$ cat input.cif   # mmCIF, C-alpha atoms
data_run
#
loop_
_atom_site.label_atom_id
_atom_site.label_comp_id
_atom_site.auth_asym_id
_atom_site.auth_seq_id
_atom_site.Cartn_x
_atom_site.Cartn_y
_atom_site.Cartn_z
CA MET V 1 -50.71 -24.52 160.34
CA CYS V 2 -51.38 -28.06 159.20
CA VAL V 3 -51.94 -28.68 155.52
CA MET V 4 -52.91 -32.12 154.35
CA THR V 5 -52.40 -32.71 150.66
CA THR V 6 -52.90 -35.74 148.52
CA LYS V 7 -49.19 -36.56 148.86
CA SER V 8 -49.23 -36.50 152.67
CA ALA V 9 -52.75 -37.86 153.08
CA PRO V 10 -53.05 -41.38 154.40
CA LEU V 11 -53.56 -43.96 151.69
CA PRO V 12 -56.54 -46.29 151.84
CA ALA V 13 -56.05 -49.91 152.70
CA PRO V 14 -55.68 -52.17 149.67
CA ALA V 15 -58.84 -53.80 148.40
CA PRO V 16 -59.62 -57.13 150.02
CA VAL V 17 -59.04 -60.24 147.95
CA TRP V 18 -62.76 -60.99 147.73
CA ALA V 19 -63.42 -57.50 146.28
CA ARG V 20 -60.69 -57.96 143.68
CA ARG V 21 -62.11 -61.32 142.70
CA ALA V 22 -65.63 -59.87 142.50
CA ALA V 23 -64.41 -57.02 140.26
CA HIS V 24 -62.72 -59.49 137.93
CA ALA V 25 -65.82 -61.71 137.97
CA ILE V 26 -67.92 -58.75 136.77
CA ALA V 27 -65.66 -58.38 133.75
CA LEU V 28 -65.95 -62.10 133.05
CA CYS V 29 -69.76 -62.10 133.44
CA ALA V 30 -70.12 -59.87 130.38
CA VAL V 31 -68.11 -62.14 128.09
CA PRO V 32 -70.69 -64.89 127.28
CA SER V 33 -73.44 -62.48 126.22
CA GLY V 34 -70.94 -60.46 124.20
CA LEU V 35 -69.74 -63.57 122.39
CA TRP V 36 -73.35 -64.56 121.72
CA ARG V 37 -74.08 -61.12 120.23
CA ILE V 38 -70.92 -61.17 118.11
CA ALA V 39 -71.84 -64.64 116.86
CA MET V 40 -75.26 -63.27 115.91
CA ALA V 41 -73.67 -60.33 114.06
CA SER V 42 -71.27 -62.70 112.29
CA GLY V 43 -74.12 -64.69 110.81
CA ILE V 44 -73.76 -67.74 113.03
CA HIS V 45 -77.12 -69.31 113.75
CA VAL V 46 -77.98 -68.39 117.35
CA GLY V 47 -81.65 -69.28 117.22
CA TYR V 48 -83.07 -66.53 115.04
CA SER V 49 -84.16 -67.16 111.49
CA ASP V 50 -82.57 -65.19 108.67
CA GLN V 51 -85.83 -63.28 108.22
CA VAL V 52 -85.94 -62.25 111.89
CA LEU V 53 -82.30 -61.14 111.74
CA ARG V 54 -83.06 -59.00 108.67
CA ASP V 55 -86.45 -57.59 109.74
CA VAL V 56 -86.04 -57.19 113.49
CA PHE V 57 -82.30 -56.75 114.05
CA ASP V 58 -81.27 -55.32 110.63
CA ILE V 59 -78.52 -57.93 110.21
CA PRO V 60 -76.82 -57.68 107.75
CA GLY V 61 -76.84 -53.91 107.84
CA TRP V 62 -76.59 -51.34 110.61
CA GLY V 63 -77.64 -53.97 113.12
CA ILE V 64 -74.14 -55.44 112.97
CA ALA V 65 -72.58 -52.16 114.14
CA TYR V 66 -75.21 -51.86 116.86
CA VAL V 67 -74.77 -55.41 118.16
CA VAL V 68 -70.95 -55.33 118.09
CA GLY V 69 -70.94 -51.81 119.58
CA LEU V 70 -73.24 -52.96 122.36
CA SER V 71 -70.91 -55.87 123.10
CA VAL V 72 -67.87 -53.58 123.26
CA LEU V 73 -69.69 -51.01 125.39
CA THR V 74 -70.91 -53.71 127.78
CA GLU V 75 -67.41 -55.11 128.24
CA LEU V 76 -65.93 -51.65 128.79
CA ALA V 77 -68.57 -50.93 131.42
CA ALA V 78 -67.83 -54.29 133.03
CA LEU V 79 -64.21 -53.19 133.45
CA PHE V 80 -65.21 -50.14 135.56
CA PRO V 81 -65.20 -52.05 138.89
CA LEU V 82 -61.51 -52.75 138.37
CA LEU V 83 -60.96 -49.03 139.06
CA LEU V 84 -62.47 -49.54 142.49
CA VAL V 85 -59.99 -52.23 143.50
CA SER V 86 -56.89 -50.98 141.69
CA ASP V 87 -54.07 -49.25 143.53
CA ARG V 88 -53.03 -47.39 140.38
CA TRP V 89 -55.95 -44.94 140.33
CA ARG V 90 -55.38 -43.21 143.67
CA ARG V 91 -55.43 -39.78 142.06
CA LEU V 92 -59.12 -40.02 141.24
CA ARG V 93 -61.39 -38.34 143.74
CA PRO V 94 -62.76 -41.06 146.02
CA ARG V 95 -66.08 -39.32 146.72
CA VAL V 96 -66.81 -38.78 143.04
CA LEU V 97 -65.85 -42.34 142.16
CA ALA V 98 -67.93 -43.71 145.05
CA THR V 99 -70.96 -41.69 143.93
CA LEU V 100 -70.51 -42.92 140.38
CA ALA V 101 -70.13 -46.51 141.60
CA TRP V 102 -73.28 -46.36 143.77
CA THR V 103 -75.20 -44.87 140.86
CA ALA V 104 -73.97 -47.67 138.61
CA SER V 105 -75.01 -50.26 141.21
CA VAL V 106 -78.54 -48.87 141.43
CA VAL V 107 -78.84 -48.68 137.64
CA LEU V 108 -77.60 -52.27 137.31
CA VAL V 109 -80.20 -53.51 139.77
CA LEU V 110 -82.96 -51.69 137.88
CA VAL V 111 -81.72 -52.96 134.51
CA ALA V 112 -81.55 -56.53 135.81
CA LEU V 113 -85.13 -56.31 137.08
CA TRP V 114 -86.25 -54.82 133.78
CA GLN V 115 -84.48 -57.56 131.82
CA LEU V 116 -86.29 -60.20 133.85
CA VAL V 117 -89.58 -58.60 132.90
CA VAL V 118 -88.55 -58.40 129.24
CA ALA V 119 -87.22 -61.96 129.14
CA PHE V 120 -90.41 -63.48 130.47
CA THR V 121 -93.10 -61.27 128.96
CA VAL V 122 -92.36 -59.77 125.59
CA GLU V 123 -91.81 -61.18 122.17
CA SER V 124 -88.04 -61.55 122.42
CA ARG V 125 -88.54 -65.19 123.33
CA THR V 126 -91.02 -65.85 120.54
CA TYR V 127 -88.49 -64.98 117.83
CA MET V 128 -86.28 -67.91 118.85
CA SER V 129 -86.65 -70.90 116.57
CA SER V 130 -86.24 -73.64 119.19
CA GLY V 131 -86.04 -74.42 122.87
CA ALA V 132 -82.34 -75.27 122.50
CA ALA V 133 -81.67 -71.77 121.15
CA GLN V 134 -83.48 -70.27 124.13
CA THR V 135 -81.38 -72.39 126.47
CA VAL V 136 -78.13 -71.23 124.86
CA TRP V 137 -79.38 -67.63 124.99
CA GLY V 138 -80.26 -68.11 128.67
CA PHE V 139 -76.83 -69.50 129.52
CA GLY V 140 -75.21 -66.60 127.67
CA TYR V 141 -77.14 -63.95 129.56
CA ALA V 142 -77.50 -65.64 132.98
CA PRO V 143 -74.10 -64.47 134.29
CA LEU V 144 -75.21 -60.85 133.83
CA PHE V 145 -77.71 -61.29 136.66
CA ALA V 146 -74.82 -61.72 139.11
CA VAL V 147 -73.36 -58.32 138.15
CA PRO V 148 -75.65 -56.09 140.30
CA ALA V 149 -74.84 -58.00 143.50
CA LEU V 150 -71.12 -58.16 142.70
CA MET V 151 -71.02 -54.46 141.79
CA THR V 152 -72.80 -53.50 145.00
CA ALA V 153 -70.32 -55.54 147.04
CA VAL V 154 -67.29 -54.00 145.30
CA THR V 155 -68.77 -50.51 145.70
CA TRP V 156 -69.46 -51.11 149.39
CA SER V 157 -65.85 -52.26 149.87
CA TYR V 158 -64.51 -49.19 148.05
CA THR V 159 -66.70 -46.81 150.06
CA ARG V 160 -65.72 -48.47 153.32
CA ARG V 161 -61.99 -48.24 152.54
CA HIS V 162 -62.22 -44.56 151.57
CA ARG V 163 -64.70 -43.41 154.20
CA GLY V 164 -62.22 -41.86 156.62
CA LEU V 165 -59.91 -40.45 153.97
CA ARG V 166 -61.03 -36.90 153.36
CA HIS V 167 -58.40 -34.70 151.77
CA VAL V 168 -58.89 -31.72 154.05
CA THR V 169 -56.93 -28.48 154.22
CA ARG V 170 -56.82 -26.86 157.65
CA ALA V 171 -55.69 -23.31 158.25
#

$ encode --input "input.cif" --output "structure tokens"
Amino acid sequence: MCVMTTKSAPLPAPAPVWARRAAHAIALCAVPSGLWRIAMASGIHVGYSDQVLRDVFDIPGWGIAYVVGLSVLTELAALFPLLLVSDRWRRLRPRVLATLAWTASVVLVLVALWQLVVAFTVESRTYMSSGAAQTVWGFGYAPLFAVPALMTAVTWSYTRRHRGLRHVTRA
């Protein structure tokens, strides 16, 4: 009788250096847009007039909690790929984590495509007071468009490393 448990199961190979760097890059890609949002919530002029901030974004007011909360949530989500390259989280079920990671990759691709449509078609650009403000906004959000490709690469690496490691019990 051969019983393979998580303690005797073979461990996956460590994440390649490029996957670790990509996972860290994802976390860094979320920082500029988060700082831009926090600056907006703090009352720093980021290209919107005071009237637009009040009427459209409800700043000051509940809009501050929304904008800061969105920044925190975005950064926390950007830290998720670090689970895929970390050696500390071996107890998590690889199949579940891989499914979650592939789902996140697909959602990120769809969100990025949707944001391109929003950025170039709807009124979000017309609220900006100047071309310089739009440029700063663009530089703040541009790194987020690298996230879907980086996340897909990190997920592919994780899936590849854990493919042959099925924790099977044989009787």

$ closest_residue --input "input.cif" --among "V:Val117, V:Ala19, V:Ile26, V:Val52" --to "Trp156 in chain V" --atoms "all atoms listed in the file"
V:Ala19

$ resolve_selection --input "input.cif" --expression "the PyMOL selection byres ((chain V and resi 65-68) around 8)" --output "JSON list (two decimals) with C-alpha atoms, in the frame of the given file"
[["chain", "number", "residue", "atom", "x", "y", "z"],
["V", 34, "GLY", "CA", -70.94, -60.46, 124.20],
["V", 37, "ARG", "CA", -74.08, -61.12, 120.23],
["V", 38, "ILE", "CA", -70.92, -61.17, 118.11],
["V", 41, "ALA", "CA", -73.67, -60.33, 114.06],
["V", 61, "GLY", "CA", -76.84, -53.91, 107.84],
["V", 62, "TRP", "CA", -76.59, -51.34, 110.61],
["V", 63, "GLY", "CA", -77.64, -53.97, 113.12],
["V", 64, "ILE", "CA", -74.14, -55.44, 112.97],
["V", 69, "GLY", "CA", -70.94, -51.81, 119.58],
["V", 70, "LEU", "CA", -73.24, -52.96, 122.36],
["V", 71, "SER", "CA", -70.91, -55.87, 123.10],
["V", 72, "VAL", "CA", -67.87, -53.58, 123.26]]

$ resolve_selection --input "input.cif" --expression "the PyMOL selection byres ((chain V and resi 126-133) around 12)" --output "NGL selection string"
:V and (36 or 40 or 45-53 or 55-57 or 118-125 or 134-140)

$ resolve_selection --input "input.cif" --expression "the PyMOL selection byres ((chain V and resi 108) around 12)" --output "MDAnalysis selection string"
chainID V and resid 26 74 77:78 101:107 109:115 144:152

$ residues_near_point --input "input.cif" --point "(-64.1, -45.9, 142.3)" --cutoff "7 Å" --atoms "only C-alpha atoms" --output "PyMOL selection string"
chain V and resi 83-84+94+97-98+101+158

$ atom_distance --input "input.cif" --atom1 "CA of Pro81 in chain V" --atom2 "CA of Pro14 in chain V"
14.4 Å
